[in-house]
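*Asks:* Sharing input-v1.cif below, mmCIF, C-alpha atoms and all ligand atoms:
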data_entry
loop_
_atom_site.label_atom_id
_atom_site.label_comp_id
_atom_site.auth_asym_id
_atom_site.auth_seq_id
_atom_site.Cartn_x
_atom_site.Cartn_y
_atom_site.Cartn_z
CA MET A 1 0.00 0.00 0.00
CA PRO A 2 2.62 2.59 -0.96
CA LEU A 3 1.54 6.18 -0.30
CA THR A 4 3.56 9.11 -1.59
CA ASP A 5 5.27 11.43 0.91
CA GLU A 6 2.78 14.12 -0.07
CA GLN A 7 -0.18 11.81 0.67
CA ARG A 8 1.33 10.86 4.04
CA GLN A 9 1.78 14.53 4.91
CA GLU A 10 -1.82 15.29 3.94
CA ILE A 11 -3.08 12.49 6.19
CA ALA A 12 -0.84 13.64 9.07
CA ALA A 13 -2.12 17.22 8.69
CA GLU A 14 -5.74 16.04 8.75
CA ARG A 15 -5.06 13.96 11.85
CA ALA A 16 -3.33 16.83 13.63
CA ASP A 17 -6.24 19.19 13.04
CA THR A 18 -8.96 18.82 15.71
CA ARG A 19 -12.18 20.80 15.94
CA PRO A 20 -14.49 21.44 18.92
CA THR A 21 -18.00 20.13 18.32
CA ARG A 22 -21.29 19.55 20.13
CA ARG A 23 -21.92 16.49 17.98
CA ALA A 24 -21.35 12.93 19.21
CA THR A 25 -17.84 11.65 18.57
CA VAL A 26 -16.40 8.18 19.16
CA PRO A 27 -12.81 8.11 20.51
CA ALA A 28 -12.07 4.59 19.22
CA LEU A 29 -12.99 5.63 15.68
CA GLU A 30 -11.27 9.01 16.01
CA ASP A 31 -8.08 7.03 16.77
CA ILE A 32 -8.01 5.63 13.23
CA LEU A 33 -9.70 8.51 11.39
CA TYR A 34 -8.00 9.15 8.00
CA GLU A 35 -5.48 6.32 8.60
CA PRO A 36 -5.13 3.89 5.67
CA LEU A 37 -5.95 0.37 6.87
CA PRO A 38 -4.14 -1.98 4.47
CA VAL A 39 -6.12 -4.49 2.38
CA LEU A 40 -4.70 -6.90 -0.27
CA ASP A 41 -1.33 -5.90 -1.78
CA HIS A 42 -1.89 -2.22 -2.61
CA GLY A 43 -5.38 -1.45 -1.31
CA PHE A 44 -6.70 0.29 1.75
CA VAL A 45 -9.77 1.47 3.59
CA ARG A 46 -9.74 4.86 5.33
CA VAL A 47 -12.54 6.19 7.50
CA ILE A 48 -12.94 9.81 6.41
CA ASP A 49 -15.97 10.93 8.37
CA TYR A 50 -18.94 9.65 10.34
CA MET A 51 -22.15 10.88 11.88
CA GLY A 52 -23.74 9.43 15.02
CA ASP A 53 -22.87 6.67 17.47
CA ASP A 54 -24.73 3.94 19.38
CA GLY A 55 -26.52 6.75 21.22
CA ALA A 56 -27.89 8.15 17.95
CA ILE A 57 -29.62 4.81 17.27
CA VAL A 58 -31.46 4.78 20.60
CA GLN A 59 -32.09 8.54 20.38
CA ALA A 60 -33.89 8.03 17.06
CA ALA A 61 -35.69 4.90 18.26
CA ARG A 62 -37.03 6.82 21.30
CA VAL A 63 -37.51 10.04 19.27
CA SER A 64 -35.94 11.91 22.21
CA TYR A 65 -35.35 15.60 22.76
CA GLY A 66 -32.01 14.93 24.49
CA LYS A 67 -29.45 12.19 24.01
CA GLY A 68 -32.08 9.49 24.46
CA THR A 69 -29.61 7.07 26.04
CA ARG A 70 -30.26 5.46 29.42
CA ARG A 71 -28.20 2.81 31.18
CA VAL A 72 -25.80 0.95 28.85
CA SER A 73 -27.68 -2.28 29.55
CA GLU A 74 -30.97 -0.66 28.46
CA ASP A 75 -29.42 0.80 25.32
CA ARG A 76 -27.84 -2.56 24.52
CA GLY A 77 -31.19 -4.31 24.99
CA LEU A 78 -32.98 -1.79 22.76
CA ILE A 79 -30.36 -2.06 19.98
CA GLN A 80 -30.55 -5.86 20.14
CA TYR A 81 -34.35 -5.68 19.96
CA LEU A 82 -34.22 -3.37 16.93
CA MET A 83 -31.72 -5.65 15.17
CA ARG A 84 -33.64 -8.82 16.03
CA HIS A 85 -36.96 -7.46 14.79
CA ARG A 86 -35.49 -5.70 11.73
CA HIS A 87 -36.66 -2.31 12.94
CA THR A 88 -34.04 -0.79 10.70
CA THR A 89 -34.69 2.93 10.37
CA PRO A 90 -32.94 3.97 13.64
CA PHE A 91 -29.73 2.50 12.17
CA GLU A 92 -30.12 4.74 9.13
CA MET A 93 -29.54 7.76 11.41
CA CYS A 94 -25.80 6.97 11.50
CA GLU A 95 -23.61 7.53 8.46
CA ILE A 96 -20.01 6.73 7.58
CA LYS A 97 -17.72 7.79 4.72
CA TYR A 98 -14.79 5.67 3.54
CA HIS A 99 -11.96 6.22 1.09
CA VAL A 100 -11.26 2.87 -0.53
CA LYS A 101 -8.50 1.79 -2.89
CA LEU A 102 -9.46 -1.48 -4.56
CA PRO A 103 -8.88 -3.57 -7.72
CA ILE A 104 -11.36 -2.83 -10.52
CA PHE A 105 -12.81 -6.37 -10.41
CA VAL A 106 -13.62 -5.88 -6.70
CA ALA A 107 -15.10 -2.45 -7.46
CA ARG A 108 -17.44 -4.07 -10.01
CA GLN A 109 -18.91 -6.31 -7.30
CA TRP A 110 -18.97 -3.51 -4.73
CA ILE A 111 -20.76 -1.00 -6.98
CA ARG A 112 -23.78 -3.33 -7.17
CA HIS A 113 -24.66 -2.05 -3.69
CA ARG A 114 -26.86 0.84 -4.81
CA THR A 115 -27.76 2.26 -1.44
CA ALA A 116 -24.53 4.26 -1.06
CA ASN A 117 -23.07 7.48 -2.44
CA VAL A 118 -19.97 6.98 -4.55
CA ASN A 119 -17.41 9.20 -6.20
CA GLU A 120 -14.66 7.36 -8.10
CA TYR A 121 -11.21 8.53 -9.18
CA SER A 122 -11.52 9.76 -12.75
CA ALA A 123 -9.28 7.94 -15.22
CA ARG A 124 -10.57 10.39 -17.87
CA TYR A 125 -9.05 13.24 -15.87
CA SER A 126 -5.99 11.62 -14.25
CA ILE A 127 -3.46 8.94 -15.11
CA LEU A 128 -3.87 5.68 -13.18
CA ASP A 129 -0.91 4.47 -11.12
CA ASN A 130 1.04 1.38 -12.11
CA GLU A 131 -0.53 -0.68 -9.34
CA PHE A 132 -2.18 -4.00 -9.93
CA TYR A 133 -3.31 -6.82 -7.68
CA ILE A 134 -1.40 -10.08 -7.61
CA PRO A 135 -2.91 -12.67 -5.24
CA ALA A 136 -0.76 -13.99 -2.42
CA PRO A 137 0.22 -17.64 -3.15
CA GLU A 138 -2.24 -18.99 -0.56
CA HIS A 139 -5.12 -17.32 -2.46
CA LEU A 140 -4.13 -18.66 -5.84
CA ALA A 141 -6.65 -21.46 -6.19
CA ALA A 142 -8.04 -23.69 -8.94
CA GLN A 143 -11.66 -23.48 -10.10
CA ALA A 144 -13.94 -25.32 -7.64
CA THR A 145 -15.50 -28.45 -9.11
CA THR A 146 -18.59 -28.42 -6.87
CA ASN A 147 -19.35 -24.68 -6.97
CA ARG A 148 -19.22 -22.77 -10.23
CA GLN A 149 -18.70 -19.50 -8.36
CA GLY A 150 -15.94 -20.70 -6.06
CA ARG A 151 -12.35 -21.76 -5.59
CA GLY A 152 -10.91 -25.20 -5.07
CA ALA A 153 -7.50 -26.37 -3.97
CA VAL A 154 -4.62 -23.92 -3.76
CA LEU A 155 -2.25 -24.07 -6.75
CA GLU A 156 1.26 -25.14 -5.99
CA GLY A 157 4.68 -25.48 -7.55
CA GLU A 158 5.12 -24.79 -11.26
CA ALA A 159 1.41 -24.17 -11.89
CA ALA A 160 1.34 -21.44 -9.24
CA GLN A 161 4.54 -19.85 -10.55
CA ARG A 162 3.25 -19.91 -14.14
CA VAL A 163 0.04 -18.14 -13.09
CA LEU A 164 1.93 -15.53 -11.07
CA ASP A 165 4.31 -14.90 -13.99
CA LEU A 166 1.39 -14.52 -16.43
CA LEU A 167 -0.50 -12.15 -14.15
CA ARG A 168 2.55 -9.95 -13.62
CA GLU A 169 3.78 -9.99 -17.23
CA ASP A 170 0.32 -9.23 -18.66
CA SER A 171 -0.25 -6.39 -16.19
CA GLU A 172 3.16 -4.86 -16.83
CA ARG A 173 2.67 -5.12 -20.60
CA ALA A 174 -0.78 -3.54 -20.33
CA TYR A 175 0.56 -0.65 -18.27
CA ALA A 176 3.49 -0.12 -20.66
CA GLY A 177 1.01 0.08 -23.56
CA TYR A 178 -1.16 2.50 -21.55
CA VAL A 179 1.78 4.83 -20.92
CA GLU A 180 2.96 4.56 -24.53
CA MET A 181 -0.50 5.53 -25.79
CA LEU A 182 -0.77 8.42 -23.31
CA ASN A 183 2.66 9.65 -24.40
CA PRO A 184 2.96 11.84 -21.28
CA GLY A 185 5.91 14.22 -20.89
CA GLU A 186 7.19 15.85 -17.69
CA ALA A 187 5.35 19.17 -17.93
CA GLY A 188 2.17 18.11 -19.74
CA GLN A 189 3.67 18.20 -23.25
CA PRO A 190 3.92 14.90 -25.25
CA ARG A 191 6.99 12.80 -24.41
CA ASP A 192 7.35 11.86 -28.08
CA ALA A 193 6.89 15.18 -29.88
CA SER A 194 5.93 13.44 -33.16
CA TRP A 195 2.31 12.78 -31.96
CA PRO A 196 -0.05 14.16 -29.29
CA GLY A 197 -0.81 10.93 -27.40
CA LEU A 198 -4.18 9.22 -26.92
CA ALA A 199 -6.89 10.67 -24.65
CA ARG A 200 -6.79 9.28 -21.08
CA GLU A 201 -10.44 8.18 -21.40
CA LEU A 202 -9.44 5.87 -24.28
CA ALA A 203 -5.97 4.74 -23.18
CA ARG A 204 -7.37 3.33 -19.92
CA MET A 205 -9.29 0.60 -21.78
CA ASN A 206 -5.98 -1.23 -22.16
CA LEU A 207 -5.72 -1.89 -18.42
CA SER A 208 -6.88 -5.16 -16.91
CA LEU A 209 -9.38 -5.69 -14.09
CA ASN A 210 -6.68 -6.17 -11.45
CA PHE A 211 -5.55 -2.51 -11.69
CA TYR A 212 -6.43 -0.42 -8.68
CA THR A 213 -9.05 2.30 -8.63
CA GLN A 214 -10.19 4.47 -5.70
CA TRP A 215 -13.39 5.97 -4.46
CA TYR A 216 -15.13 7.75 -1.66
CA TRP A 217 -18.03 5.60 -0.49
CA LYS A 218 -20.63 6.88 1.96
CA THR A 219 -23.53 4.92 3.36
CA ASP A 220 -25.71 4.64 6.45
CA LEU A 221 -25.29 2.05 9.17
CA HIS A 222 -28.26 -0.05 8.06
CA ASN A 223 -27.00 -0.38 4.49
CA LEU A 224 -23.40 -0.82 5.66
CA MET A 225 -24.48 -3.84 7.71
CA HIS A 226 -26.40 -5.21 4.70
CA PHE A 227 -23.25 -4.83 2.58
CA LEU A 228 -21.13 -6.52 5.27
CA THR A 229 -23.58 -9.40 5.71
CA LEU A 230 -23.26 -10.20 2.00
CA ARG A 231 -19.59 -9.40 1.47
CA ALA A 232 -18.02 -10.72 4.69
CA ASP A 233 -19.90 -13.99 4.16
CA PRO A 234 -17.78 -17.05 3.25
CA HIS A 235 -19.71 -17.24 -0.06
CA ALA A 236 -18.32 -13.87 -1.14
CA GLN A 237 -15.09 -13.76 -3.13
CA TYR A 238 -12.00 -13.57 -0.89
CA GLU A 239 -10.83 -10.24 -2.32
CA ILE A 240 -14.02 -8.32 -1.43
CA ARG A 241 -14.24 -10.21 1.87
CA ALA A 242 -10.82 -8.84 2.78
CA TYR A 243 -12.28 -5.31 2.57
CA ALA A 244 -15.47 -6.26 4.43
CA ASP A 245 -13.43 -7.78 7.28
CA VAL A 246 -11.48 -4.55 7.77
CA MET A 247 -14.74 -2.56 7.66
CA ILE A 248 -16.32 -4.81 10.31
CA ASP A 249 -13.49 -3.75 12.57
CA THR A 250 -14.29 -0.07 11.90
CA LEU A 251 -17.91 -0.91 12.79
CA ARG A 252 -16.71 -2.37 16.12
CA ARG A 253 -14.84 0.82 16.93
CA TRP A 254 -17.66 3.10 15.82
CA VAL A 255 -20.83 1.52 17.29
CA PRO A 256 -19.80 -1.30 19.67
CA LEU A 257 -23.37 -2.09 20.78
CA ALA A 258 -24.70 -2.23 17.22
CA HIS A 259 -21.62 -4.23 16.17
CA ALA A 260 -22.29 -6.85 18.87
CA ALA A 261 -25.97 -7.04 17.86
CA PHE A 262 -24.92 -7.30 14.19
CA LEU A 263 -22.67 -10.28 14.91
CA GLU A 264 -25.36 -11.93 17.05
CA TYR A 265 -28.44 -11.43 14.85
CA ARG A 266 -26.99 -11.05 11.34
CA MET A 267 -23.43 -12.18 10.68
CA ASN A 268 -23.40 -15.30 12.85
CA ALA A 269 -27.13 -15.98 12.68
CA ALA A 270 -28.99 -18.14 10.16
CA SER A 271 -32.26 -17.80 8.34
CA ILE A 272 -34.20 -21.07 8.45
CA SER A 273 -37.04 -21.99 6.09
CA ALA A 274 -40.41 -23.33 7.27
CA SER A 275 -39.38 -26.85 6.14
CA GLY A 276 -36.06 -26.43 7.95
CA ILE A 277 -37.87 -25.58 11.19
CA LYS A 278 -39.99 -28.72 10.80
CA VAL A 279 -36.79 -30.79 10.42
CA ILE A 280 -35.32 -29.22 13.58
CA ARG A 281 -38.53 -29.94 15.51
CA ARG A 282 -38.46 -33.58 14.38
CA LEU A 283 -34.77 -33.88 15.35
CA LEU A 284 -35.51 -32.36 18.77
CA ALA A 285 -38.29 -34.92 19.23
CA GLY A 286 -35.64 -37.64 18.74
CA GLU A 287 -36.74 -38.68 15.24
CA THR A 288 -34.18 -39.81 12.66
CA VAL A 289 -34.62 -37.55 9.65
CA GLU A 290 -33.10 -38.19 6.21
CA GLN A 291 -32.76 -35.63 3.45
CA LYS A 292 -35.17 -37.63 1.26
CA ASP A 293 -38.07 -37.32 3.75
CA SER A 294 -37.15 -33.82 4.97
CA GLY A 295 -38.89 -31.74 2.31
CA LEU A 296 -35.53 -30.07 1.64
CA SER A 297 -33.47 -30.25 -1.54
CA PRO A 298 -30.00 -31.86 -1.14
CA ARG A 299 -28.44 -28.40 -1.20
CA GLU A 300 -30.84 -26.96 1.40
CA TRP A 301 -30.26 -30.06 3.51
CA ARG A 302 -26.49 -29.59 3.37
CA GLU A 303 -26.88 -25.92 4.30
CA LEU A 304 -29.14 -26.71 7.25
CA MET A 305 -26.84 -29.49 8.50
CA ALA A 306 -23.91 -27.04 8.27
CA VAL A 307 -25.81 -24.57 10.46
CA LEU A 308 -26.61 -27.36 12.94
CA GLU A 309 -23.03 -28.66 12.66
CA ARG A 310 -24.29 -32.19 12.03
C1 LIG B 1 -22.17 -14.14 -3.13
C2 LIG B 1 -22.77 -13.22 -4.16
C3 LIG B 1 -22.85 -13.61 -5.48
C4 LIG B 1 -23.40 -12.74 -6.46
N1 LIG B 1 -23.46 -13.15 -7.75
C5 LIG B 1 -23.95 -12.29 -8.70
C6 LIG B 1 -24.01 -12.67 -10.09
O1 LIG B 1 -23.62 -13.78 -10.47
N2 LIG B 1 -24.48 -11.77 -10.99
C7 LIG B 1 -24.94 -10.54 -10.63
O2 LIG B 1 -25.36 -9.77 -11.47
N3 LIG B 1 -24.91 -10.16 -9.32
C8 LIG B 1 -24.42 -10.99 -8.37
N4 LIG B 1 -24.38 -10.60 -7.04
C9 LIG B 1 -24.85 -9.25 -6.71
C10 LIG B 1 -26.22 -9.31 -6.00
O3 LIG B 1 -27.21 -9.84 -6.86
C11 LIG B 1 -26.65 -7.88 -5.56
O4 LIG B 1 -26.76 -7.06 -6.72
C12 LIG B 1 -25.65 -7.24 -4.64
O5 LIG B 1 -25.30 -8.14 -3.61
C13 LIG B 1 -26.28 -5.98 -4.02
O6 LIG B 1 -27.26 -6.38 -3.13
P1 LIG B 1 -28.52 -5.48 -2.83
O7 LIG B 1 -29.31 -5.19 -4.09
O8 LIG B 1 -29.29 -6.14 -1.73
O9 LIG B 1 -27.83 -4.14 -2.28
P2 LIG B 1 -28.25 -2.62 -2.46
O10 LIG B 1 -28.18 -2.22 -3.89
O11 LIG B 1 -27.41 -1.83 -1.50
O12 LIG B 1 -29.72 -2.55 -2.01
C14 LIG B 1 -30.08 -2.75 -0.63
C15 LIG B 1 -31.54 -3.12 -0.60
O13 LIG B 1 -32.29 -2.00 -1.09
C16 LIG B 1 -33.39 -2.46 -1.86
N5 LIG B 1 -33.26 -1.94 -3.23
C17 LIG B 1 -32.24 -1.20 -3.72
N6 LIG B 1 -32.48 -0.87 -5.00
C18 LIG B 1 -33.67 -1.41 -5.31
C19 LIG B 1 -34.45 -1.43 -6.48
N7 LIG B 1 -34.09 -0.82 -7.61
N8 LIG B 1 -35.62 -2.10 -6.46
C20 LIG B 1 -36.02 -2.73 -5.33
N9 LIG B 1 -35.34 -2.75 -4.18
C21 LIG B 1 -34.17 -2.10 -4.17
C22 LIG B 1 -33.37 -3.97 -1.79
O14 LIG B 1 -34.13 -4.41 -0.72
C23 LIG B 1 -31.92 -4.28 -1.52
O15 LIG B 1 -31.70 -5.52 -0.87
C24 LIG B 1 -23.86 -11.45 -6.08
C25 LIG B 1 -23.77 -11.07 -4.73
C26 LIG B 1 -23.23 -11.91 -3.78
C27 LIG B 1 -23.12 -11.45 -2.35
#
If you convert what's in this file into structure tokens, what do you get?
*Replies:*
Amino acid sequence: MPLTDEQRQEIAAERADTRPTRRATVPALEDILYEPLPVLDHGFVRVIDYMGDDGAIVQAARVSYGKGTRRVSEDRGLIQYLMRHRHTTPFEMCEIKYHVKLPIFVARQWIRHRTANVNEYSARYSILDNEFYIPAPEHLAAQATTNRQGRGAVLEGEAAQRVLDLLREDSERAYAGYVEMLNPGEAGQPRDASWPGLARELARMNLSLNFYTQWYWKTDLHNLMHFLTLRADPHAQYEIRAYADVMIDTLRRWVPLAHAAFLEYRMNAASISASGIKVIRRLLAGETVEQKDSGLSPREWRELMAVLER
């Protein structure tokens, strides 16, 4: 995650500048405000700003004139109740803004989450850096045979080296072509004076999906938790999960009560179908139940047994 000296100085200046406010602030989140939290080989997540805290959730739920918070145990109970019963609007009262640097193929998955505000680095306006994602060897896996959307065994030896070489060579060649087409000189004039260079908005099409882009991404707590439920889930691709995991930690710092309720009633909870509940009831009654007489498809059966750890 190499930052330039200028970028480091900008971050340090932001962190040194404090402002008095009557608004709620959260010391644990202030501690990491603006700091780049590394993800993958060149990516990061930075918390840029936030509004509200656990208190803002209970304040909205109680529609209070003051802070709205009571004893911590009461606030915790209320937040758990709201989470459990999907009374979601109080969570929308809190907002958070991130600066994220991520490979383009991760950004394509991420951008599907429409309930956020996004502003991306413009590769029409600026030249993209020569930074591309190369998976760490332990994440270089073969296509899964049982799941069309997943990974199988980790590649090893010559196969792994061949893939790494191809990824690096192709990315370097693509970036060299990009720079050649841009034809950029030191002070804005063409490097090769015999032609003007191709427009940035066209030259960028040469780059592959593993090149890094950046954006500011702002969302509310309810939609952030929805994003994290989907993208920190083991079914999500490792690369986007790596970002979601770091963001879950920012959630813990920001709203510890909501974070605990999120882990309890969303992240580590399970949704069980009506037929699944019938199976559980029969199992509790001591019956032997087989997939064939369960009313569940083989896949649903496997999923339920995984939840029950049977
Ligand atoms: C493991 C996994 C695999 C996936 N595979 C694919 C794939 O193969 N192909 C593919 O195209 N996508 C795929 N997706 C993307 C997925 O279908 C969703 O587009 C993405 O997860 C965003 O979810 P969302 O719509 O709930 O989020 P958001 O866009 O943030 O929306 C949040 C919620 O707001 C509501 N909402 C928002 N916009 C609308 C709207 N226009 N109409 C109605 N309700 C709305 C919905 O309730 C929605 O759940 C995959 C996602 C995951 C997690």
*Asks:* Around ligand LIG 1 (chain B), which protein and nucleic acid residues have at least one atom no more than 9 Å from it, if we count only C-alpha atoms and all ligand atoms? List them as a ChimeraX atom specification.
*Replies:* /A:109-116,149,223-224,226-227,229-237
*Asks:* May I have a table of the residues of region 170-227 of chain A lying at most 12 Å from region 41-63 of chain A, giving each one's closest pair of atoms and their distance in Å to one decimal, counting all atoms listed in the file, ordered by chain and ascending residue number, as CSV?
*Replies:*
residue,atom,partner,partner_atom,distance
A:Asn210,CA,A:His42,CA,10.8
A:Phe211,CA,A:His42,CA,9.8
A:Tyr212,CA,A:Gly43,CA,7.5
A:Thr213,CA,A:Gly43,CA,9.0
A:Gln214,CA,A:Gly43,CA,8.8
A:Trp215,CA,A:Val45,CA,9.9
A:Tyr216,CA,A:Ile48,CA,8.6
A:Trp217,CA,A:Ile48,CA,9.6
A:Lys218,CA,A:Asp49,CA,8.9
A:Thr219,CA,A:Tyr50,CA,9.6
A:Asp220,CA,A:Met51,CA,9.0
A:Leu221,CA,A:Gly52,CA,9.5
A:His222,CA,A:Ile57,CA,10.5
*Asks:* May I ask which of the residues A:Ala12, A:Leu33, A:Leu166, A:Leu40 is the closest one to Tyr98 (chain A), counting all atoms listed in the file?
*Replies:*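 Closest residue, counting all atoms listed in the file: A:Leu33.
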*Asks:* If we count all atoms listed in the file, what is near Arg204 (chain A) at a cut-off of 7 Å, once residues fewer than 4 positions away on the same chain are taken out, given as a list in words?
*Replies:*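 These residues fall inside the cut-off: Ala123, Tyr178 and Arg200 of chain A.
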*Asks:* Show me, as an mmCIF file with C-alpha atoms, in the frame of the given file, the residues that have an atom within 7 Å of region 25-32 of chain A when counting only C-alpha atoms, minus same-chain residues fewer than 6 positions from it.
*Replies:*
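Dumped everything to selection.cif:
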data_model
loop_
_atom_site.group_PDB
_atom_site.id
_atom_site.type_symbol
_atom_site.label_atom_id
_atom_site.label_comp_id
_atom_site.auth_asym_id
_atom_site.auth_seq_id
_atom_site.Cartn_x
_atom_site.Cartn_y
_atom_site.Cartn_z
ATOM 1 C CA ASP A 53 -22.870 6.670 17.470
ATOM 2 C CA THR A 250 -14.290 -0.070 11.900
ATOM 3 C CA ARG A 253 -14.840 0.820 16.930
ATOM 4 C CA TRP A 254 -17.660 3.100 15.820
#
*Asks:* For CA of Ser171 (chain A) and CA of Ser208 (chain A), determine how far apart the two atoms are, in Å to one decimal place.
*Replies:* 6.8 Å
*Asks:* To one decimal place in Å, what is the distance between CA of Gly197 (chain A) and CA of Asn183 (chain A)?
*Replies:*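 So the two atoms, CA of Gly197 (chain A) and CA of Asn183 (chain A), lie 4.8 Å apart.
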*Asks:* Some atoms are missing, so please complete region 107-129 of chain A with N, CA and C atoms and return it as a PDB file, in the coordinates of the input.
*Replies:*
ATOM      1  N   ALA A 107     -14.203  -3.618  -7.362  1.00  0.00           N
ATOM      2  CA  ALA A 107     -15.100  -2.450  -7.460  1.00  0.00           C
ATOM      3  C   ALA A 107     -16.370  -2.811  -8.232  1.00  0.00           C
ATOM      4  N   ARG A 108     -16.255  -3.689  -9.220  1.00  0.00           N
ATOM      5  CA  ARG A 108     -17.440  -4.070 -10.010  1.00  0.00           C
ATOM      6  C   ARG A 108     -18.460  -4.816  -9.156  1.00  0.00           C
ATOM      7  N   GLN A 109     -17.978  -5.625  -8.207  1.00  0.00           N
ATOM      8  CA  GLN A 109     -18.910  -6.310  -7.300  1.00  0.00           C
ATOM      9  C   GLN A 109     -19.489  -5.305  -6.298  1.00  0.00           C
ATOM     10  N   TRP A 110     -18.606  -4.460  -5.800  1.00  0.00           N
ATOM     11  CA  TRP A 110     -18.970  -3.510  -4.730  1.00  0.00           C
ATOM     12  C   TRP A 110     -20.028  -2.515  -5.217  1.00  0.00           C
ATOM     13  N   ILE A 111     -19.881  -2.067  -6.463  1.00  0.00           N
ATOM     14  CA  ILE A 111     -20.760  -1.000  -6.980  1.00  0.00           C
ATOM     15  C   ILE A 111     -22.206  -1.489  -7.134  1.00  0.00           C
ATOM     16  N   ARG A 112     -22.415  -2.802  -7.087  1.00  0.00           N
ATOM     17  CA  ARG A 112     -23.780  -3.330  -7.170  1.00  0.00           C
ATOM     18  C   ARG A 112     -24.616  -2.918  -5.962  1.00  0.00           C
ATOM     19  N   HIS A 113     -23.943  -2.495  -4.894  1.00  0.00           N
ATOM     20  CA  HIS A 113     -24.660  -2.050  -3.690  1.00  0.00           C
ATOM     21  C   HIS A 113     -25.093  -0.605  -3.916  1.00  0.00           C
ATOM     22  N   ARG A 114     -26.372  -0.447  -4.302  1.00  0.00           N
ATOM     23  CA  ARG A 114     -26.860   0.840  -4.810  1.00  0.00           C
ATOM     24  C   ARG A 114     -27.186   1.837  -3.743  1.00  0.00           C
ATOM     25  N   THR A 115     -27.299   1.360  -2.498  1.00  0.00           N
ATOM     26  CA  THR A 115     -27.760   2.260  -1.440  1.00  0.00           C
ATOM     27  C   THR A 115     -26.581   2.956  -0.773  1.00  0.00           C
ATOM     28  N   ALA A 116     -25.698   3.532  -1.573  1.00  0.00           N
ATOM     29  CA  ALA A 116     -24.530   4.260  -1.060  1.00  0.00           C
ATOM     30  C   ALA A 116     -24.272   5.414  -2.019  1.00  0.00           C
ATOM     31  N   ASN A 117     -23.479   6.362  -1.580  1.00  0.00           N
ATOM     32  CA  ASN A 117     -23.070   7.480  -2.440  1.00  0.00           C
ATOM     33  C   ASN A 117     -21.613   7.256  -2.801  1.00  0.00           C
ATOM     34  N   VAL A 118     -21.308   7.339  -4.086  1.00  0.00           N
ATOM     35  CA  VAL A 118     -19.970   6.980  -4.550  1.00  0.00           C
ATOM     36  C   VAL A 118     -19.388   8.084  -5.418  1.00  0.00           C
ATOM     37  N   ASN A 119     -18.132   8.378  -5.222  1.00  0.00           N
ATOM     38  CA  ASN A 119     -17.410   9.200  -6.200  1.00  0.00           C
ATOM     39  C   ASN A 119     -16.055   8.544  -6.472  1.00  0.00           C
ATOM     40  N   GLU A 120     -15.862   8.123  -7.734  1.00  0.00           N
ATOM     41  CA  GLU A 120     -14.660   7.360  -8.100  1.00  0.00           C
ATOM     42  C   GLU A 120     -13.609   8.265  -8.738  1.00  0.00           C
ATOM     43  N   TYR A 121     -12.377   7.876  -8.547  1.00  0.00           N
ATOM     44  CA  TYR A 121     -11.210   8.530  -9.180  1.00  0.00           C
ATOM     45  C   TYR A 121     -11.461   8.535 -10.696  1.00  0.00           C
ATOM     46  N   SER A 122     -11.228   9.662 -11.322  1.00  0.00           N
ATOM     47  CA  SER A 122     -11.520   9.760 -12.750  1.00  0.00           C
ATOM     48  C   SER A 122     -10.293   9.424 -13.591  1.00  0.00           C
ATOM     49  N   ALA A 123     -10.389   8.305 -14.315  1.00  0.00           N
ATOM     50  CA  ALA A 123      -9.280   7.940 -15.220  1.00  0.00           C
ATOM     51  C   ALA A 123      -9.457   8.641 -16.572  1.00  0.00           C
ATOM     52  N   ARG A 124     -10.493   9.498 -16.699  1.00  0.00           N
ATOM     53  CA  ARG A 124     -10.570  10.390 -17.870  1.00  0.00           C
ATOM     54  C   ARG A 124      -9.726  11.617 -17.588  1.00  0.00           C
ATOM     55  N   TYR A 125      -9.699  12.000 -16.293  1.00  0.00           N
ATOM     56  CA  TYR A 125      -9.050  13.240 -15.870  1.00  0.00           C
ATOM     57  C   TYR A 125      -7.593  13.001 -15.485  1.00  0.00           C
ATOM     58  N   SER A 126      -7.334  11.878 -14.799  1.00  0.00           N
ATOM     59  CA  SER A 126      -5.990  11.620 -14.250  1.00  0.00           C
ATOM     60  C   SER A 126      -5.429  10.312 -14.803  1.00  0.00           C
ATOM     61  N   ILE A 127      -4.129  10.170 -14.655  1.00  0.00           N
ATOM     62  CA  ILE A 127      -3.460   8.940 -15.110  1.00  0.00           C
ATOM     63  C   ILE A 127      -3.435   7.932 -13.955  1.00  0.00           C
ATOM     64  N   LEU A 128      -3.857   6.712 -14.235  1.00  0.00           N
ATOM     65  CA  LEU A 128      -3.870   5.680 -13.180  1.00  0.00           C
ATOM     66  C   LEU A 128      -2.443   5.263 -12.837  1.00  0.00           C
ATOM     67  N   ASP A 129      -2.232   4.928 -11.555  1.00  0.00           N
ATOM     68  CA  ASP A 129      -0.910   4.470 -11.120  1.00  0.00           C
ATOM     69  C   ASP A 129      -0.633   3.060 -11.641  1.00  0.00           C
TER      70      ASP A 129
END
